[in-house]
Amino acid sequence: MFRLRLRRWVQGGMVCLLMLVMLGADPEARFNKVGHEMICTCGCGQVLLECNHVGCPVSPVMIGELHAQIDGGGSNTSIFNWFAAKYGATVLAAPIRGGFDNVAWIAPMSVFFLATIGTGFLIRMWTLRSSQQSPMRASGGVGADELRERIRRETEY
Amino acid sequence: MQLHPMPEFGSFTLLLALALSVYTLVVGGIALWRSRGALAVNIDGGTGRLGETARRAGISSFVALSCAAFALVWASFTNDYSVSYILHHTNRDLNTAYKFSALWSGQEGSLLLWAWLLSAYGFVLRMRHKVDVRLSAFASVILAGIQVFFLLLLNFAAPPFAIQPGPVATDGFGLNPLLQYPEMVMHPPLLYLGYVGFSVPFAFALGALMMRYPGEKWIHITRRWTMVTWLFLTCGIFMGAHWAYSVLGWGGYWGWDPVENASLMPWLTGTAFLHSVMMQEKRGMMKSWNVWLIFSTFMLTILGTLLTRSGIVSSVHAFAQSAIGDWFYGFILIVFAVCLFTFFKQKDHLKSENKLESLVSRESSFLFNNLILLAACFTVLWGTLFPVLSEYVQGTKVTMGAPFYNRVNLPIGLFLLFLTGIGPLLAWRSTSLRSIRKNFVLPSIAMVVALAVLLAVGVRPWQAGDDWQATLFSLVTFTLAAGVITAIAAEFLRGASVVRTQTGKNLLSSTVLLMRRNTRRYGGYVVHFGIVVMFIGIAGGAFNQSREQEMGFGDTVTLGQYRLVCQSYTQDSNKNFDTEYALLDVFRGNKKITQLTPEKRFYIASQTSSTMVALHSTLASDLYVIYEGRNPDTDKPIIKVFLNPLMNWIWIGVGIVVFGTFLALVPNMTRTAARALAESQVVEAEVHHV
């Protein structure tokens, strides 16, 4: 019961957050955001809204098309699809068409996630192993100076 | 038949350098083979006379390559257009400094620079061979092997002294305008010093593994090499970023282009190596890992060159592309095979002496630091190669631009920032709960205060509309930065207080003495502080603003607190280029603060244009103005203005990193010397007091 109520609160919070985000969106900001997720296809390789050479035959046309698409009320995804269909997949500054494009996003995150888990597991394993070993003599007896020197060396920065 | 004495001399010295390097490789290798097992017997480390001749041949190869580099620079200064390379990369009216930088402006020249720097590093290594004769002999032979590869390229695949067929031209085609910028005289040599420098720790690591070098002395020997190399690479990367910011004219400094990525990858693995090698040095752990980190770093420097030179991936600013990719494929395969074979042959030599004792310890923080840096490196490599993979699988290429890298690398970067702060606070072996509480209270309070202040001044993601992600990341970065800076400051304060109690000096003198007593530790803290300052600068990018406007006489554009008024626009020309520029008065409120002159140049020899950005820089923000050209309909200039907050923090952060690295390179003042110095000063002070 408590879990169910907590889940409802979380869901409600998410909706409120989304509303706040969406309320803040204005057409100019959206134009700016979408325009920064596409590449000018003139060959300069620059982001569409950052293509800075005067006389570029492509970027003004593309910017005009972007304005028209945003004014037409399409979603960001439909705008990206429209541009990808017209200019090819390389117009998108990142692979976002689904299918194999998803691999681009999943692979680094998976590697990071698995490596974190693996490192944590490795540390845990080593820690358990070393705790099973008998502790070293702390002081006195033959080799105490060597031991102290070793500890000093190992614990210095 | 026409004679070309200087190019002929250059070609001859290249061939001579190749012969000398082959001699060092083969004869040095034979000397090591013949003397195997003689380590304990011979005082000189067992390489004998044959090994000595190989060492001297290696030294001579540096002289030969210096002559070749001199010959190319000479040809550039004397406008010798019979040399194809000089014809294609210089012209008569080119500024003297740029004539010198022509050495690395094209493929053949940059390969010559690479080989020359490698021979220079080799020269230093061979001159200092008495540090450890046998290990140096191994490293010398390995370096000679790398040098042979580059000299083969220079002699047969990309000769810099190739003669241009037909009559000699009266003028050259000029230097790429984007390269005609002061930083471009410094950026490539620094970057190459970094790339090439990693060959030395690589050679020592491989050599130490081949000879089953006892102990960790090879790490002590290579520590300074690695740090200096890392410093060069860091300076090279950020000088390149500053050049991109000042020249390319798009308002940013890092575009995640394959050429930029190629330099970042070895920097990331090199940074990981610098950290994890401490675990081997202090506790005899992670030996295999360290060996592979330095192997990977070296191979990534070669892979970066392969990616950008072979045309596998397209780059906006790959200034030198050709079909030498096959040579690099072959070389990487050979290097990888040698590394793999040596590793498996000597694997038992790399057993750890200790095991990790606690999850909350300096060792585990180093492990996670390595994980983060390698994850970032993998992401960059993945993003660089994914277009090729996509074309192979789907038949269509895709673009991997800034949106991909920013989204994937931002969380990784924040995790790294977090570790930068907490890592040095953890003790070796194990950290107690009491110590954690003691060390983390202040940073935690600083973070809470910073978060409250940031929210109060308006850094609120939920009000940032479509920019909410960038604002959120900035908020987290600023908050974490406050915690990390406090943690570093607290460490300094704690140490300085102890020194003050011991010596009776004031806090500032105590801090200086503290740093001199353990330069490595406190140099490291300074480097971390510099990294945090850079992160703050990068996070400022979330609040960038820009406006583009056509500006006639008296027209005004307002951005943030600045108002720009066009006073005039005109054009000019000199022998090298024609230029168009606008004179813009900049006001803050009603007070005129400066005049900016954004400019567009058209270089006559190369028939290409370039932007000269006008910049008004303060600690708070950069006013960045570009002259985009004239509207053909109205003949008025189009001006684009950017307001980039906290940009200077990035360059200041780099300066702090450089200072910290220098500090870490300085030998420690020994405790006895430090105590003697403190005591003498106390006595002196008492005498004065009396």
# chains A, B, ... in the order shown; residues from 1 in each chain; ligands from 1
>>> interface_residues(of="chain B", to="chain A", cutoff="8 Å", atoms="only C-alpha atoms", output="PyMOL selection string")
chain B and resi 249-251+282-283+316+355-359+364+367-368+371-372+375+378-379+382-383+386+390+394+396-404+408+427-429+462-468+521+628-631
>>> select_by_dssp(residues="segment 357-592 of chain B", states="strand (DSSP E or B)", output="VMD selection string")
chain B and resid 545 to 550 556 to 559 562 to 573 577 to 588 591 to 592
>>> write_last_selection(atoms="N, CA and C atoms", output="mmCIF file, in the first residue's frame")
data_model
loop_
_atom_site.group_PDB
_atom_site.id
_atom_site.type_symbol
_atom_site.label_atom_id
_atom_site.label_comp_id
_atom_site.auth_asym_id
_atom_site.auth_seq_id
_atom_site.Cartn_x
_atom_site.Cartn_y
_atom_site.Cartn_z
ATOM 1 N N GLN B 545 24.982 32.786 -25.448
ATOM 2 C CA GLN B 545 23.937 33.467 -26.232
ATOM 3 C C GLN B 545 24.559 33.932 -27.538
ATOM 4 N N SER B 546 23.745 34.078 -28.583
ATOM 5 C CA SER B 546 24.285 34.617 -29.833
ATOM 6 C C SER B 546 23.215 35.391 -30.601
ATOM 7 N N ARG B 547 23.690 36.331 -31.439
ATOM 8 C CA ARG B 547 22.789 37.082 -32.321
ATOM 9 C C ARG B 547 23.499 37.348 -33.631
ATOM 10 N N GLU B 548 22.737 37.328 -34.697
ATOM 11 C CA GLU B 548 23.309 37.617 -36.014
ATOM 12 C C GLU B 548 22.518 38.775 -36.617
ATOM 13 N N GLN B 549 23.247 39.743 -37.172
ATOM 14 C CA GLN B 549 22.535 40.925 -37.677
ATOM 15 C C GLN B 549 23.336 41.608 -38.774
ATOM 16 N N GLU B 550 22.618 42.173 -39.726
ATOM 17 C CA GLU B 550 23.245 43.001 -40.754
ATOM 18 C C GLU B 550 23.470 44.377 -40.125
ATOM 19 N N THR B 556 22.908 49.125 -34.414
ATOM 20 C CA THR B 556 23.230 48.636 -33.073
ATOM 21 C C THR B 556 22.737 47.204 -32.882
ATOM 22 N N VAL B 557 23.539 46.436 -32.143
ATOM 23 C CA VAL B 557 23.071 45.111 -31.721
ATOM 24 C C VAL B 557 23.359 44.980 -30.219
ATOM 25 N N THR B 558 22.380 44.455 -29.493
ATOM 26 C CA THR B 558 22.540 44.310 -28.042
ATOM 27 C C THR B 558 22.520 42.833 -27.669
ATOM 28 N N LEU B 559 23.482 42.439 -26.831
ATOM 29 C CA LEU B 559 23.533 41.057 -26.347
ATOM 30 C C LEU B 559 24.016 41.080 -24.905
ATOM 31 N N TYR B 562 26.092 43.973 -23.179
ATOM 32 C CA TYR B 562 26.870 44.708 -24.165
ATOM 33 C C TYR B 562 25.990 45.282 -25.286
ATOM 34 N N ARG B 563 26.385 46.475 -25.765
ATOM 35 C CA ARG B 563 25.729 47.093 -26.931
ATOM 36 C C ARG B 563 26.832 47.410 -27.938
ATOM 37 N N LEU B 564 26.654 46.916 -29.168
ATOM 38 C CA LEU B 564 27.667 47.137 -30.192
ATOM 39 C C LEU B 564 27.119 48.104 -31.246
ATOM 40 N N VAL B 565 27.906 49.136 -31.572
ATOM 41 C CA VAL B 565 27.484 50.131 -32.569
ATOM 42 C C VAL B 565 28.494 50.121 -33.709
ATOM 43 N N CYS B 566 27.995 50.003 -34.939
ATOM 44 C CA CYS B 566 28.887 49.963 -36.101
ATOM 45 C C CYS B 566 29.347 51.378 -36.451
ATOM 46 N N GLN B 567 30.652 51.629 -36.354
ATOM 47 C CA GLN B 567 31.203 52.939 -36.699
ATOM 48 C C GLN B 567 31.507 53.030 -38.189
ATOM 49 N N SER B 568 32.075 51.980 -38.715
ATOM 50 C CA SER B 568 32.345 51.959 -40.164
ATOM 51 C C SER B 568 32.651 50.539 -40.598
ATOM 52 N N TYR B 569 32.648 50.340 -41.905
ATOM 53 C CA TYR B 569 33.134 49.067 -42.444
ATOM 54 C C TYR B 569 33.860 49.384 -43.745
ATOM 55 N N THR B 570 34.949 48.687 -43.963
ATOM 56 C CA THR B 570 35.801 49.016 -45.099
ATOM 57 C C THR B 570 36.605 47.795 -45.540
ATOM 58 N N GLN B 571 37.498 48.014 -46.528
ATOM 59 C CA GLN B 571 38.365 46.926 -46.976
ATOM 60 C C GLN B 571 39.776 47.430 -47.215
ATOM 61 N N ASP B 572 40.706 46.513 -47.221
ATOM 62 C CA ASP B 572 42.120 46.853 -47.328
ATOM 63 C C ASP B 572 42.809 45.669 -48.019
ATOM 64 N N SER B 573 44.088 45.849 -48.373
ATOM 65 C CA SER B 573 44.804 44.692 -48.921
ATOM 66 C C SER B 573 46.305 44.850 -48.738
ATOM 67 N N PHE B 577 47.175 39.085 -48.453
ATOM 68 C CA PHE B 577 45.712 38.893 -48.435
ATOM 69 C C PHE B 577 44.949 40.210 -48.622
ATOM 70 N N ASP B 578 43.699 40.081 -49.099
ATOM 71 C CA ASP B 578 42.743 41.197 -49.103
ATOM 72 C C ASP B 578 41.882 41.029 -47.864
ATOM 73 N N THR B 579 41.451 42.154 -47.299
ATOM 74 C CA THR B 579 40.656 42.025 -46.070
ATOM 75 C C THR B 579 39.445 42.962 -46.059
ATOM 76 N N GLU B 580 38.376 42.504 -45.442
ATOM 77 C CA GLU B 580 37.191 43.333 -45.186
ATOM 78 C C GLU B 580 36.990 43.335 -43.685
ATOM 79 N N TYR B 581 36.697 44.480 -43.104
ATOM 80 C CA TYR B 581 36.456 44.486 -41.666
ATOM 81 C C TYR B 581 35.475 45.580 -41.256
ATOM 82 N N ALA B 582 34.932 45.425 -40.050
ATOM 83 C CA ALA B 582 34.015 46.442 -39.509
ATOM 84 C C ALA B 582 34.603 46.986 -38.220
ATOM 85 N N LEU B 583 34.364 48.274 -37.961
ATOM 86 C CA LEU B 583 34.792 48.870 -36.692
ATOM 87 C C LEU B 583 33.563 48.990 -35.805
ATOM 88 N N LEU B 584 33.581 48.276 -34.678
ATOM 89 C CA LEU B 584 32.404 48.253 -33.804
ATOM 90 C C LEU B 584 32.773 48.804 -32.425
ATOM 91 N N ASP B 585 32.064 49.854 -32.008
ATOM 92 C CA ASP B 585 32.259 50.366 -30.644
ATOM 93 C C ASP B 585 31.440 49.509 -29.692
ATOM 94 N N VAL B 586 32.059 49.115 -28.585
ATOM 95 C CA VAL B 586 31.349 48.271 -27.613
ATOM 96 C C VAL B 586 31.050 49.090 -26.356
ATOM 97 N N PHE B 587 29.790 49.105 -25.964
ATOM 98 C CA PHE B 587 29.352 49.852 -24.778
ATOM 99 C C PHE B 587 28.828 48.886 -23.728
ATOM 100 N N ARG B 588 29.123 49.221 -22.460
ATOM 101 C CA ARG B 588 28.427 48.535 -21.360
ATOM 102 C C ARG B 588 27.690 49.637 -20.616
ATOM 103 N N LYS B 591 28.804 53.493 -21.132
ATOM 104 C CA LYS B 591 30.258 53.671 -21.156
ATOM 105 C C LYS B 591 30.874 52.830 -22.272
ATOM 106 N N LYS B 592 31.668 53.532 -23.137
ATOM 107 C CA LYS B 592 32.358 52.781 -24.197
ATOM 108 C C LYS B 592 33.541 52.049 -23.569
#
>>> atom_distance(atom1="atom CA of Ala19 of chain B", atom2="atom CA of Pro160 of chain B")
17.7 Å
>>> atom_distance(atom1="atom CA of Leu451 of chain B", atom2="atom CA of Thr479 of chain B")
5.6 Å
>>> closest_residue(among="A:Gly64, A:Gly73, A:Pro57, A:Gly98", to="Thr41 of chain A", atoms="only C-alpha atoms")
A:Pro57
>>> residues_around(residues="segment 202-205 of chain B", least_positions_apart="2", cutoff="10 Å", atoms="only C-alpha atoms", output="PDB file with C-alpha atoms, in the first residue's frame")
ATOM      1  CA  LEU B 135      67.107  -1.180 -19.754  1.00  0.00           C
ATOM      2  CA  SER B 136      68.150   1.888 -21.771  1.00  0.00           C
ATOM      3  CA  ALA B 137      69.625  -0.432 -24.410  1.00  0.00           C
ATOM      4  CA  PHE B 138      66.283  -2.265 -24.693  1.00  0.00           C
ATOM      5  CA  ALA B 139      64.375   1.039 -24.882  1.00  0.00           C
ATOM      6  CA  SER B 140      66.858   2.363 -27.449  1.00  0.00           C
ATOM      7  CA  VAL B 141      66.325  -0.648 -29.721  1.00  0.00           C
ATOM      8  CA  ILE B 142      62.534  -0.343 -29.445  1.00  0.00           C
ATOM      9  CA  LEU B 143      62.674   3.383 -30.220  1.00  0.00           C
ATOM     10  CA  ALA B 144      64.897   2.600 -33.192  1.00  0.00           C
ATOM     11  CA  GLY B 145      62.225   0.187 -34.438  1.00  0.00           C
ATOM     12  CA  ILE B 146      59.585   2.944 -34.316  1.00  0.00           C
ATOM     13  CA  GLY B 197      56.882  11.420 -26.211  1.00  0.00           C
ATOM     14  CA  PHE B 198      54.654   8.485 -25.268  1.00  0.00           C
ATOM     15  CA  SER B 199      57.017   6.323 -27.336  1.00  0.00           C
ATOM     16  CA  VAL B 200      59.593   6.618 -24.528  1.00  0.00           C
ATOM     17  CA  GLY B 207      61.853  -3.252 -22.651  1.00  0.00           C
ATOM     18  CA  ALA B 208      61.322  -3.860 -18.925  1.00  0.00           C
ATOM     19  CA  LEU B 209      58.855  -6.628 -19.740  1.00  0.00           C
ATOM     20  CA  MET B 210      61.153  -8.224 -22.324  1.00  0.00           C
ATOM     21  CA  TYR B 213      63.192  -6.125 -15.141  1.00  0.00           C
ATOM     22  CA  TRP B 218      61.565   1.526 -14.631  1.00  0.00           C
ATOM     23  CA  ILE B 219      58.533   3.451 -13.388  1.00  0.00           C
ATOM     24  CA  ILE B 221      62.939   6.291 -14.603  1.00  0.00           C
ATOM     25  CA  THR B 222      59.973   6.973 -16.879  1.00  0.00           C
ATOM     26  CA  THR B 226      55.538  10.466 -18.899  1.00  0.00           C
ATOM     27  CA  ASN B 290      49.733  -0.580 -16.371  1.00  0.00           C
ATOM     28  CA  VAL B 291      51.680  -2.313 -19.076  1.00  0.00           C
ATOM     29  CA  TRP B 292      48.582  -2.458 -21.276  1.00  0.00           C
ATOM     30  CA  LEU B 293      47.661   1.135 -20.488  1.00  0.00           C
ATOM     31  CA  ILE B 294      50.956   2.433 -21.801  1.00  0.00           C
ATOM     32  CA  PHE B 295      50.844   0.021 -24.773  1.00  0.00           C
ATOM     33  CA  SER B 296      47.336   1.307 -25.593  1.00  0.00           C
ATOM     34  CA  THR B 297      48.387   4.924 -25.202  1.00  0.00           C
ATOM     35  CA  PHE B 298      51.200   4.478 -27.694  1.00  0.00           C
ATOM     36  CA  MET B 299      48.993   2.552 -30.124  1.00  0.00           C
TER      37      MET B 299
END
>>> residues_around(residues="Ile536 of chain B", least_positions_apart="3", cutoff="8 Å", atoms="only C-alpha atoms", output="MDAnalysis selection string")
chainID B and resid 477:478 481 532:533 539:540 646 649:650
>>> write_last_selection(atoms="N, CA and C atoms", output="PDB file, in the first residue's frame")
ATOM      1  N   THR B 477      27.646  20.511 -12.054  1.00  0.00           N
ATOM      2  CA  THR B 477      29.089  20.774 -12.168  1.00  0.00           C
ATOM      3  C   THR B 477      29.525  21.839 -11.169  1.00  0.00           C
ATOM      4  N   PHE B 478      28.799  22.963 -11.129  1.00  0.00           N
ATOM      5  CA  PHE B 478      29.173  24.047 -10.211  1.00  0.00           C
ATOM      6  C   PHE B 478      29.131  23.563  -8.750  1.00  0.00           C
ATOM      7  N   ALA B 481      31.998  21.231  -8.145  1.00  0.00           N
ATOM      8  CA  ALA B 481      33.250  22.010  -8.167  1.00  0.00           C
ATOM      9  C   ALA B 481      33.468  22.692  -6.819  1.00  0.00           C
ATOM     10  N   VAL B 532      39.314  21.301 -12.162  1.00  0.00           N
ATOM     11  CA  VAL B 532      38.007  21.770 -11.672  1.00  0.00           C
ATOM     12  C   VAL B 532      37.687  23.146 -12.282  1.00  0.00           C
ATOM     13  N   VAL B 533      38.702  24.021 -12.321  1.00  0.00           N
ATOM     14  CA  VAL B 533      38.490  25.351 -12.917  1.00  0.00           C
ATOM     15  C   VAL B 533      38.083  25.201 -14.394  1.00  0.00           C
ATOM     16  N   ALA B 539      31.284  24.268 -18.103  1.00  0.00           N
ATOM     17  CA  ALA B 539      29.865  24.308 -17.694  1.00  0.00           C
ATOM     18  C   ALA B 539      29.231  25.657 -18.031  1.00  0.00           C
ATOM     19  N   GLY B 540      30.049  26.700 -18.093  1.00  0.00           N
ATOM     20  CA  GLY B 540      29.530  28.020 -18.466  1.00  0.00           C
ATOM     21  C   GLY B 540      28.908  28.029 -19.857  1.00  0.00           C
ATOM     22  N   LEU B 646      32.195  32.554 -18.856  1.00  0.00           N
ATOM     23  CA  LEU B 646      33.248  31.783 -18.162  1.00  0.00           C
ATOM     24  C   LEU B 646      34.282  31.132 -19.085  1.00  0.00           C
ATOM     25  N   TRP B 649      37.903  30.870 -17.920  1.00  0.00           N
ATOM     26  CA  TRP B 649      38.200  29.900 -16.849  1.00  0.00           C
ATOM     27  C   TRP B 649      38.857  28.648 -17.429  1.00  0.00           C
ATOM     28  N   ILE B 650      38.488  28.315 -18.655  1.00  0.00           N
ATOM     29  CA  ILE B 650      39.090  27.120 -19.270  1.00  0.00           C
ATOM     30  C   ILE B 650      40.590  27.341 -19.450  1.00  0.00           C
TER      31      ILE B 650
END
>>> residues_around(residues="Gln69 of chain A", least_positions_apart="3", cutoff="12 Å", atoms="only C-alpha atoms", output="PDB file with N, CA and C atoms, in the first residue's frame")
ATOM      1  N   PRO A  27       9.007  28.760 -29.295  1.00  0.00           N
ATOM      2  CA  PRO A  27       9.405  28.351 -30.644  1.00  0.00           C
ATOM      3  C   PRO A  27      10.865  28.691 -30.967  1.00  0.00           C
ATOM      4  N   ARG A  30      13.141  26.299 -29.330  1.00  0.00           N
ATOM      5  CA  ARG A  30      13.023  25.008 -29.993  1.00  0.00           C
ATOM      6  C   ARG A  30      13.775  25.014 -31.337  1.00  0.00           C
ATOM      7  N   PHE A  31      13.644  26.135 -32.056  1.00  0.00           N
ATOM      8  CA  PHE A  31      14.370  26.299 -33.320  1.00  0.00           C
ATOM      9  C   PHE A  31      15.879  26.163 -33.058  1.00  0.00           C
ATOM     10  N   VAL A  34      16.718  22.422 -32.098  1.00  0.00           N
ATOM     11  CA  VAL A  34      16.650  21.494 -33.238  1.00  0.00           C
ATOM     12  C   VAL A  34      17.741  21.846 -34.268  1.00  0.00           C
ATOM     13  N   GLY A  35      17.955  23.144 -34.473  1.00  0.00           N
ATOM     14  CA  GLY A  35      18.974  23.588 -35.431  1.00  0.00           C
ATOM     15  C   GLY A  35      20.383  23.198 -35.025  1.00  0.00           C
ATOM     16  N   MET A  62      18.100  25.477 -45.714  1.00  0.00           N
ATOM     17  CA  MET A  62      17.770  24.513 -44.646  1.00  0.00           C
ATOM     18  C   MET A  62      17.149  25.227 -43.434  1.00  0.00           C
ATOM     19  N   ILE A  63      17.685  26.413 -43.121  1.00  0.00           N
ATOM     20  CA  ILE A  63      17.148  27.161 -41.974  1.00  0.00           C
ATOM     21  C   ILE A  63      15.703  27.573 -42.253  1.00  0.00           C
ATOM     22  N   GLY A  64      15.449  27.980 -43.495  1.00  0.00           N
ATOM     23  CA  GLY A  64      14.076  28.328 -43.895  1.00  0.00           C
ATOM     24  C   GLY A  64      13.150  27.132 -43.757  1.00  0.00           C
ATOM     25  N   GLU A  65      13.642  25.985 -44.186  1.00  0.00           N
ATOM     26  CA  GLU A  65      12.837  24.758 -44.091  1.00  0.00           C
ATOM     27  C   GLU A  65      12.569  24.397 -42.629  1.00  0.00           C
ATOM     28  N   LEU A  66      13.579  24.634 -41.797  1.00  0.00           N
ATOM     29  CA  LEU A  66      13.418  24.321 -40.370  1.00  0.00           C
ATOM     30  C   LEU A  66      12.334  25.221 -39.753  1.00  0.00           C
ATOM     31  N   GLY A  72       4.853  24.577 -38.815  1.00  0.00           N
ATOM     32  CA  GLY A  72       3.838  23.584 -39.200  1.00  0.00           C
ATOM     33  C   GLY A  72       3.361  22.743 -38.024  1.00  0.00           C
ATOM     34  N   GLY A  73       4.048  22.832 -36.902  1.00  0.00           N
ATOM     35  CA  GLY A  73       3.577  22.158 -35.682  1.00  0.00           C
ATOM     36  C   GLY A  73       4.024  20.723 -35.530  1.00  0.00           C
ATOM     37  N   GLY A  74       4.961  20.256 -36.355  1.00  0.00           N
ATOM     38  CA  GLY A  74       5.438  18.880 -36.237  1.00  0.00           C
ATOM     39  C   GLY A  74       6.287  18.679 -34.993  1.00  0.00           C
ATOM     40  N   SER A  75       6.358  17.433 -34.558  1.00  0.00           N
ATOM     41  CA  SER A  75       7.215  17.127 -33.393  1.00  0.00           C
ATOM     42  C   SER A  75       8.677  17.146 -33.837  1.00  0.00           C
ATOM     43  N   ASN A  76       9.577  17.185 -32.857  1.00  0.00           N
ATOM     44  CA  ASN A  76      11.012  17.172 -33.190  1.00  0.00           C
ATOM     45  C   ASN A  76      11.366  15.940 -34.013  1.00  0.00           C
ATOM     46  N   THR A  77      10.812  14.787 -33.629  1.00  0.00           N
ATOM     47  CA  THR A  77      11.121  13.540 -34.335  1.00  0.00           C
ATOM     48  C   THR A  77      10.676  13.618 -35.790  1.00  0.00           C
ATOM     49  N   SER A  78       9.461  14.152 -36.009  1.00  0.00           N
ATOM     50  CA  SER A  78       8.975  14.223 -37.396  1.00  0.00           C
ATOM     51  C   SER A  78       9.834  15.199 -38.217  1.00  0.00           C
ATOM     52  N   ILE A  79      10.312  16.260 -37.564  1.00  0.00           N
ATOM     53  CA  ILE A  79      11.176  17.216 -38.283  1.00  0.00           C
ATOM     54  C   ILE A  79      12.494  16.536 -38.661  1.00  0.00           C
ATOM     55  N   PHE A  80      13.066  15.815 -37.708  1.00  0.00           N
ATOM     56  CA  PHE A  80      14.326  15.118 -38.002  1.00  0.00           C
ATOM     57  C   PHE A  80      14.124  14.104 -39.131  1.00  0.00           C
ATOM     58  N   ASN A  81      13.017  13.387 -39.069  1.00  0.00           N
ATOM     59  CA  ASN A  81      12.745  12.389 -40.119  1.00  0.00           C
ATOM     60  C   ASN A  81      12.613  13.052 -41.481  1.00  0.00           C
ATOM     61  N   TRP A  82      11.933  14.207 -41.491  1.00  0.00           N
ATOM     62  CA  TRP A  82      11.739  14.935 -42.757  1.00  0.00           C
ATOM     63  C   TRP A  82      13.092  15.333 -43.358  1.00  0.00           C
ATOM     64  N   PHE A  83      13.963  15.870 -42.508  1.00  0.00           N
ATOM     65  CA  PHE A  83      15.285  16.299 -42.985  1.00  0.00           C
ATOM     66  C   PHE A  83      16.130  15.094 -43.419  1.00  0.00           C
TER      67      PHE A  83
END
>>> atom_distance(atom1="atom CA of Met286 of chain B", atom2="atom CA of Leu663 of chain B")
26.3 Å
>>> residues_around(residues="Leu274 of chain B", least_positions_apart="3", cutoff="9 Å", atoms="only C-alpha atoms", output="list in words")
Arg223, Thr226, Met227, Trp230, Thr269, Gly270, Thr271, Val277 and Met278 of chain B
>>> write_last_selection(atoms="N, CA and C atoms", output="PDB file, in the first residue's frame")
ATOM      1  N   ARG B 223      58.909   8.157 -15.001  1.00  0.00           N
ATOM      2  CA  ARG B 223      57.884   9.038 -14.431  1.00  0.00           C
ATOM      3  C   ARG B 223      57.955  10.439 -15.025  1.00  0.00           C
ATOM      4  N   THR B 226      56.986  10.566 -18.697  1.00  0.00           N
ATOM      5  CA  THR B 226      55.538  10.466 -18.899  1.00  0.00           C
ATOM      6  C   THR B 226      54.862  11.787 -18.551  1.00  0.00           C
ATOM      7  N   MET B 227      55.296  12.389 -17.447  1.00  0.00           N
ATOM      8  CA  MET B 227      54.642  13.643 -17.036  1.00  0.00           C
ATOM      9  C   MET B 227      54.923  14.777 -18.013  1.00  0.00           C
ATOM     10  N   TRP B 230      52.888  14.116 -21.079  1.00  0.00           N
ATOM     11  CA  TRP B 230      51.472  14.410 -20.786  1.00  0.00           C
ATOM     12  C   TRP B 230      51.243  15.925 -20.798  1.00  0.00           C
ATOM     13  N   THR B 269      44.000   7.917 -21.923  1.00  0.00           N
ATOM     14  CA  THR B 269      44.669   6.702 -21.420  1.00  0.00           C
ATOM     15  C   THR B 269      45.979   7.077 -20.715  1.00  0.00           C
ATOM     16  N   GLY B 270      46.658   8.118 -21.215  1.00  0.00           N
ATOM     17  CA  GLY B 270      47.887   8.581 -20.559  1.00  0.00           C
ATOM     18  C   GLY B 270      47.602   9.085 -19.155  1.00  0.00           C
ATOM     19  N   THR B 271      46.485   9.782 -18.991  1.00  0.00           N
ATOM     20  CA  THR B 271      46.096  10.267 -17.660  1.00  0.00           C
ATOM     21  C   THR B 271      45.792   9.076 -16.749  1.00  0.00           C
ATOM     22  N   VAL B 277      49.727   3.973 -12.292  1.00  0.00           N
ATOM     23  CA  VAL B 277      51.111   3.563 -12.112  1.00  0.00           C
ATOM     24  C   VAL B 277      51.544   3.787 -10.653  1.00  0.00           C
ATOM     25  N   MET B 278      50.843   4.693  -9.969  1.00  0.00           N
ATOM     26  CA  MET B 278      51.158   4.934  -8.558  1.00  0.00           C
ATOM     27  C   MET B 278      50.872   3.687  -7.720  1.00  0.00           C
TER      28      MET B 278
END
>>> select_by_dssp(residues="segment 143-231 of chain B", states="alpha helix (DSSP H)", output="ChimeraX atom specification")
/B:143-152,182-197,199-210,217-231
